[in-house]
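This is work.pdb. It holds PDB, C-alpha atoms and all ligand atoms.
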```pdb
ATOM      1  CA  MET L   9      22.109 -14.128  11.902
ATOM      2  CA  ASN L  10      18.950 -14.527   9.831
ATOM      3  CA  ILE L  11      17.767 -11.025   8.887
ATOM      4  CA  GLY L  12      14.472  -9.975   7.310
ATOM      5  CA  LEU L  13      14.735  -6.824   5.212
ATOM      6  CA  ILE L  14      11.104  -5.751   5.046
ATOM      7  CA  ILE L  15      10.349  -2.853   2.716
ATOM      8  CA  TYR L  16       7.724  -0.922   0.854
ATOM      9  CA  SER L  17       8.762   0.816  -2.368
ATOM     10  CA  HIS L  18       6.583   2.781  -4.760
ATOM     11  CA  THR L  19       9.007   4.007  -7.458
ATOM     12  CA  GLY L  20      11.892   1.593  -6.795
ATOM     13  CA  ASN L  21      14.436   3.628  -4.799
ATOM     14  CA  THR L  22      13.862   1.875  -1.494
ATOM     15  CA  ARG L  23      13.970  -1.480  -3.300
ATOM     16  CA  SER L  24      17.218  -0.519  -4.989
ATOM     17  CA  PHE L  25      18.799   0.546  -1.684
ATOM     18  CA  ALA L  26      17.574  -2.651  -0.030
ATOM     19  CA  GLY L  27      19.313  -4.692  -2.739
ATOM     20  CA  MET L  28      22.627  -2.932  -2.077
ATOM     21  CA  LEU L  29      22.195  -3.329   1.658
ATOM     22  CA  GLN L  30      21.399  -7.018   1.255
ATOM     23  CA  GLU L  31      24.656  -7.483  -0.660
ATOM     24  CA  LYS L  32      26.730  -5.708   2.002
ATOM     25  CA  ILE L  33      25.177  -7.521   4.962
ATOM     26  CA  THR L  34      25.463 -10.861   3.176
ATOM     27  CA  THR L  35      29.162 -10.173   2.594
ATOM     28  CA  ALA L  36      29.432  -9.515   6.338
ATOM     29  CA  GLY L  37      28.329 -13.104   6.908
ATOM     30  CA  HIS L  38      24.557 -12.970   7.498
ATOM     31  CA  ALA L  39      21.552 -14.409   5.666
ATOM     32  CA  VAL L  40      19.321 -11.580   4.408
ATOM     33  CA  SER L  41      15.900 -12.025   2.803
ATOM     34  CA  ILE L  42      14.121  -9.083   1.198
ATOM     35  CA  GLU L  43      10.359  -9.157   1.677
ATOM     36  CA  GLU L  44       8.162  -6.504   0.099
ATOM     37  CA  ILE L  45       4.929  -5.231   1.544
ATOM     38  CA  THR L  46       2.472  -5.036  -1.361
ATOM     39  CA  ILE L  47      -0.874  -3.313  -1.709
ATOM     40  CA  THR L  48      -3.970  -3.368  -3.834
ATOM     41  CA  GLY L  49      -5.518  -0.045  -4.766
ATOM     42  CA  HIS L  50      -4.391   3.419  -5.669
ATOM     43  CA  ALA L  51      -0.640   4.220  -5.960
ATOM     44  CA  PRO L  52       1.050   6.342  -4.724
ATOM     45  CA  ALA L  53      -0.787   5.156  -1.682
ATOM     46  CA  GLN L  54      -3.015   7.606   0.110
ATOM     47  CA  PRO L  55      -4.359   6.916   3.584
ATOM     48  CA  GLY L  56      -7.558   4.893   3.379
ATOM     49  CA  LYS L  57      -7.284   4.266  -0.375
ATOM     50  CA  PHE L  58      -5.429   0.967  -0.408
ATOM     51  CA  GLU L  59      -5.446  -2.469   1.175
ATOM     52  CA  LEU L  60      -2.367  -4.305   2.374
ATOM     53  CA  ASP L  61      -1.851  -7.356   0.181
ATOM     54  CA  HIS L  62       1.372  -9.086   1.247
ATOM     55  CA  VAL L  63       2.118  -8.497   4.937
ATOM     56  CA  PRO L  64       5.578  -9.966   5.703
ATOM     57  CA  ASP L  65       5.829 -11.836   9.010
ATOM     58  CA  PRO L  66       8.935 -10.879  11.030
ATOM     59  CA  ALA L  67       8.540 -13.870  13.400
ATOM     60  CA  GLY L  68      10.986 -16.182  11.630
ATOM     61  CA  TYR L  69      13.892 -13.716  11.663
ATOM     62  CA  ASP L  70      16.509 -13.087  14.348
ATOM     63  CA  ALA L  71      16.571  -9.417  13.350
ATOM     64  CA  VAL L  72      14.639  -7.127  11.040
ATOM     65  CA  ILE L  73      15.377  -4.032   9.002
ATOM     66  CA  LEU L  74      12.361  -1.994   7.935
ATOM     67  CA  GLY L  75      12.568   0.494   5.060
ATOM     68  CA  ALA L  76      10.113   2.801   3.281
ATOM     69  CA  PRO L  77       9.951   6.145   1.471
ATOM     70  CA  VAL L  78       8.996   9.512   2.899
ATOM     71  CA  GLN L  79       5.822  10.755   1.268
ATOM     72  CA  ALA L  80       4.153  14.142   1.743
ATOM     73  CA  PHE L  81       6.565  15.089   4.560
ATOM     74  CA  THR L  82       5.843  11.980   6.615
ATOM     75  CA  LEU L  83       6.190   8.203   6.575
ATOM     76  CA  ASN L  84       4.590   6.528   3.564
ATOM     77  CA  PRO L  85       1.077   5.371   4.589
ATOM     78  CA  VAL L  86       1.750   1.774   3.525
ATOM     79  CA  MET L  87       4.529   1.361   6.094
ATOM     80  CA  LYS L  88       2.301   3.129   8.644
ATOM     81  CA  ALA L  89      -0.470   0.590   7.977
ATOM     82  CA  TYR L  90       2.025  -2.297   8.147
ATOM     83  CA  LEU L  91       3.354  -1.082  11.498
ATOM     84  CA  GLU L  92      -0.190  -1.032  12.869
ATOM     85  CA  LYS L  93      -0.621  -4.698  11.869
ATOM     86  CA  LEU L  94       2.773  -5.805  13.096
ATOM     87  CA  PRO L  95       2.746  -8.578  15.723
ATOM     88  CA  SER L  96       5.196  -8.619  18.635
ATOM     89  CA  LEU L  97       8.827  -7.730  17.943
ATOM     90  CA  SER L  98       9.730  -8.547  21.515
ATOM     91  CA  GLY L  99      13.481  -8.266  22.043
ATOM     92  CA  LYS L 100      14.135  -8.409  18.288
ATOM     93  CA  LYS L 101      17.131  -6.458  17.034
ATOM     94  CA  THR L 102      15.623  -3.906  14.651
ATOM     95  CA  ALA L 103      17.035  -1.261  12.311
ATOM     96  CA  LEU L 104      15.055   1.308  10.359
ATOM     97  CA  PHE L 105      15.579   3.439   7.282
ATOM     98  CA  VAL L 106      13.701   5.780   4.997
ATOM     99  CA  THR L 107      14.555   7.097   1.553
ATOM    100  CA  LYS L 108      13.602  10.625   0.517
ATOM    101  CA  ARG L 109      14.328  13.119  -2.242
ATOM    102  CA  LEU L 110      14.596  16.464  -0.457
ATOM    103  CA  PRO L 111      18.098  16.920   0.993
ATOM    104  CA  MET L 112      17.073  18.377   4.366
ATOM    105  CA  LEU L 113      16.694  15.450   6.752
ATOM    106  CA  TRP L 114      14.286  17.201   9.107
ATOM    107  CA  ILE L 115      11.713  17.800   6.353
ATOM    108  CA  GLY L 116       9.829  14.538   6.685
ATOM    109  CA  GLY L 117      12.786  12.236   7.303
ATOM    110  CA  THR L 118      13.318  12.570  11.040
ATOM    111  CA  GLY L 119       9.555  12.560  11.630
ATOM    112  CA  ALA L 120       9.114   9.391   9.547
ATOM    113  CA  ILE L 121      11.884   7.638  11.463
ATOM    114  CA  ARG L 122      10.333   8.745  14.758
ATOM    115  CA  ILE L 123       6.985   7.200  13.750
ATOM    116  CA  MET L 124       8.677   3.910  12.815
ATOM    117  CA  LYS L 125      10.791   3.825  15.973
ATOM    118  CA  THR L 126       7.854   4.523  18.288
ATOM    119  CA  ALA L 127       5.669   1.888  16.593
ATOM    120  CA  CYS L 128       8.410  -0.758  16.745
ATOM    121  CA  GLU L 129       9.297  -0.011  20.354
ATOM    122  CA  GLU L 130       5.619  -0.280  21.279
ATOM    123  CA  LYS L 131       5.816  -3.847  19.911
ATOM    124  CA  GLY L 132       8.872  -4.543  22.060
ATOM    125  CA  ALA L 133      11.610  -4.108  19.436
ATOM    126  CA  ASN L 134      15.194  -3.315  20.350
ATOM    127  CA  VAL L 135      15.829  -0.522  17.828
ATOM    128  CA  VAL L 136      19.595  -0.402  17.335
ATOM    129  CA  GLY L 137      19.943   2.094  14.499
ATOM    130  CA  THR L 138      18.210   4.332  11.962
ATOM    131  CA  GLU L 139      19.226   5.907   8.658
ATOM    132  CA  ILE L 140      17.807   8.543   6.316
ATOM    133  CA  VAL L 141      18.958   7.942   2.735
ATOM    134  CA  VAL L 142      18.716  11.046   0.542
ATOM    135  CA  TRP L 143      17.881  10.256  -3.073
ATOM    136  CA  SER L 144      18.647  13.685  -4.536
ATOM    137  CA  GLU L 145      20.920  14.096  -7.572
ATOM    138  CA  LYS L 146      23.705  15.644  -5.511
ATOM    139  CA  LYS L 147      23.646  13.527  -2.360
ATOM    140  CA  ARG L 148      22.466  10.145  -3.591
ATOM    141  CA  GLU L 149      25.744   8.229  -4.007
ATOM    142  CA  GLN L 150      27.270   9.444  -0.770
ATOM    143  CA  SER L 151      24.051   8.961   1.173
ATOM    144  CA  ILE L 152      23.543   5.417  -0.151
ATOM    145  CA  GLU L 153      27.134   4.451   0.615
ATOM    146  CA  GLN L 154      27.090   5.900   4.137
ATOM    147  CA  GLY L 155      23.601   4.597   4.953
ATOM    148  CA  ALA L 156      24.413   1.059   3.818
ATOM    149  CA  LYS L 157      27.730   1.133   5.689
ATOM    150  CA  ASN L 158      26.129   2.335   8.934
ATOM    151  CA  LEU L 159      23.306  -0.216   8.785
ATOM    152  CA  THR L 160      25.691  -3.086   7.956
ATOM    153  CA  ALA L 161      27.869  -2.188  10.950
ATOM    154  CA  LEU L 162      24.910  -2.844  13.250
ATOM    155  CA  PHE L 163      24.975  -6.601  12.490
TER     156      PHE L 163
HETATM  157  C1  LIG L 201       3.664  11.096  -3.693
HETATM  158  C2  LIG L 201       5.084  11.348  -3.289
HETATM  159  C3  LIG L 201       5.365  12.214  -2.251
HETATM  160  C4  LIG L 201       6.693  12.471  -1.872
HETATM  161  N1  LIG L 201       6.941  13.327  -0.828
HETATM  162  C5  LIG L 201       8.216  13.551  -0.448
HETATM  163  C6  LIG L 201       8.508  14.402   0.672
HETATM  164  O1  LIG L 201       7.628  14.946   1.325
HETATM  165  N2  LIG L 201       9.816  14.599   1.007
HETATM  166  C7  LIG L 201      10.856  14.024   0.326
HETATM  167  O2  LIG L 201      12.009  14.245   0.694
HETATM  168  N3  LIG L 201      10.610  13.192  -0.729
HETATM  169  C8  LIG L 201       9.325  12.953  -1.115
HETATM  170  N4  LIG L 201       9.079  12.100  -2.177
HETATM  171  C9  LIG L 201      10.203  11.458  -2.828
HETATM  172  C10 LIG L 201      10.398  10.035  -2.285
HETATM  173  O3  LIG L 201      10.443   9.995  -0.884
HETATM  174  C11 LIG L 201      11.729   9.463  -2.794
HETATM  175  O4  LIG L 201      11.823   9.538  -4.181
HETATM  176  C12 LIG L 201      11.868   8.017  -2.320
HETATM  177  O5  LIG L 201      13.197   7.600  -2.480
HETATM  178  C13 LIG L 201      10.929   7.112  -3.082
HETATM  179  O6  LIG L 201      11.100   5.784  -2.671
HETATM  180  P1  LIG L 201      10.505   4.579  -3.525
HETATM  181  O7  LIG L 201      11.080   4.726  -4.915
HETATM  182  O8  LIG L 201      11.001   3.364  -2.846
HETATM  183  O9  LIG L 201       9.031   4.706  -3.526
HETATM  184  C14 LIG L 201       7.756  11.846  -2.563
HETATM  185  C15 LIG L 201       7.462  10.969  -3.618
HETATM  186  C16 LIG L 201       6.150  10.710  -3.973
HETATM  187  C17 LIG L 201       5.863   9.757  -5.107
END
```
Would you put the structure from the file into structure tokens?
Amino acid sequence: MNIGLIIYSHTGNTRSFAGMLQEKITTAGHAVSIEEITITGHAPAQPGKFELDHVPDPAGYDAVILGAPVQAFTLNPVMKAYLEKLPSLSGKKTALFVTKRLPMLWIGGTGAIRIMKTACEEKGANVVGTEIVVWSEKKREQSIEQGAKNLTALF
């Protein structure tokens, strides 16, 4: 399967997780390309204060995985803007993840995933799994390992 791993990362955590995930899914026998959404303007991105620069096209992939950080207790505005621009994902196998620092998943994490899931399903995606990766000192290693394992098992 040809998988597009489409991410936005501000400080590098989401990018770092995506790299590990790419390795695992590649080992499982799939082709995985990481594509980063980029912006021009103020960072960390605030709603209305940036422009999308590179907008990855999911059309050429059999499946997509979308990943972004939680910011200010919700989904990062760059991924929100990307989701608004997204063309059809009709029938496409789709997995979603966010990275966040605070250990409680329901503070921003579950809401961010809900926003991504709703937006993708509105475009016709078949959302098969979601993960919240906690980037806190205590939980990071375990959360990365488990998140990458769960997402890999979907493909
Ligand atoms: C402006 C800003 C706001 C953030 N707000 C939250 C938050 O509300 N909840 C949380 O758990 N982490 C929050 N974080 C931490 C990031 O979600 C976390 O470090 C994430 O892994 C960053 O991903 P990135 O390095 O790919 O940008 C925030 C970080 C920044 C820079």
Could you tell me, as a VMD selection string, exactly which residues end up selected when the PyMOL selection byres (((chain L and resi 47-60) around 7) and not hetatm) is applied to this structure?
chain L and resid 18 45 to 46 61 to 63 85 to 86
Taking C-alpha atoms for each residue, export the selection above as a compact mmCIF listing (two decimals), keeping the file's coordinate frame.
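Once everything was written out, this is part25.txt:
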```txt
# COMPACT_ATOMS: atom_id res chain seq x y z
CA HIS L 18 6.58 2.78 -4.76
CA ILE L 45 4.93 -5.23 1.54
CA THR L 46 2.47 -5.04 -1.36
CA ASP L 61 -1.85 -7.36 0.18
CA HIS L 62 1.37 -9.09 1.25
CA VAL L 63 2.12 -8.50 4.94
CA PRO L 85 1.08 5.37 4.59
CA VAL L 86 1.75 1.77 3.52
```
For a quick check of your reading of the model, name the residues lying within 12 Å of the coordinate (8.7, 1.5, -1.8), counting all atoms listed in the file, and write them as JSON, numbers by chain.
{"L": [14, 15, 16, 17, 18, 19, 20, 21, 22, 23, 24, 25, 26, 43, 44, 45, 46, 47, 51, 52, 53, 74, 75, 76, 77, 78, 79, 83, 84, 85, 86, 87, 105, 106, 107, 108]}
L:Thr126, L:Thr34, L:Ser96, L:Ser151: which is nearest L:Phe163, counting only C-alpha atoms?
L:Thr34
I'd like the interatomic distance between atom CA of L:Tyr69 and atom CA of L:Gly155, to a tenth of an Å.
21.8 Å
Any chance you could work out the axis-aligned box around stretch 129-138 of chain L, listed atoms only, 3 Å on each side, giving centre and edge lengths in Å to one decimal, as lines of an AutoDock Vina configuration file?
```
center_x = 12.8
center_y = -0.1
center_z = 17.0
size_x = 20.3
size_y = 14.9
size_z = 16.1
```
Hey, what's within 9 Å of L:Ser98 if we count all atoms listed in the file and toss same-chain stuff fewer than 6 positions away? As a PyMOL selection string, please?
chain L and resi 129+131-134
Could you list, as a PyMOL selection string, every residue matched by the PyMOL selection byres (((chain L and resi 29) around 10) and not hetatm) in this structure?
chain L and resi 13+23-28+30-35+40+42+152-153+155-157+159-160
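Interatomic distance, atom CA of L:Gly99 to atom CA of L:Gly119: 23.6 Å.
Here atom CA of L:Lys100 is placed at a distance of 27.9 Å from atom C10 of ligand LIG 201 (chain L).
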Go through L:Ile123, L:Gly116, L:Glu130, L:Val136 one by one, measure the shortest atom-to-atom distance of each to ligand LIG 201 (chain L) using only C-alpha atoms and all ligand atoms, and give the residue with the smallest value.
L:Gly116
Residues returned when the PyMOL selection byres (((chain L and resi 67) around 9) and not hetatm) runs on this file, as a VMD selection string
chain L and resid 65 to 66 68 to 70 95 to 97
Nearest to ligand LIG 201 (chain L), chosen from L:Arg148, L:His38, L:Lys88, L:Arg122, with only C-alpha atoms and all ligand atoms counted in the distances
L:Arg148
Closest of L:Ala103, L:Ile121, L:Leu113, L:Cys128 to L:Leu91 - atom-to-atom distances counting all atoms listed in the file
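Comparing L:Ala103, L:Ile121, L:Leu113, L:Cys128 against L:Leu91, the winner is L:Cys128.
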Pick the closest to L:Val142 from L:Leu104, L:Ala127, L:Arg109, L:Gly117: which is it, counting all atoms listed in the file?
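So, comparing all the options, the nearest one is L:Arg109.
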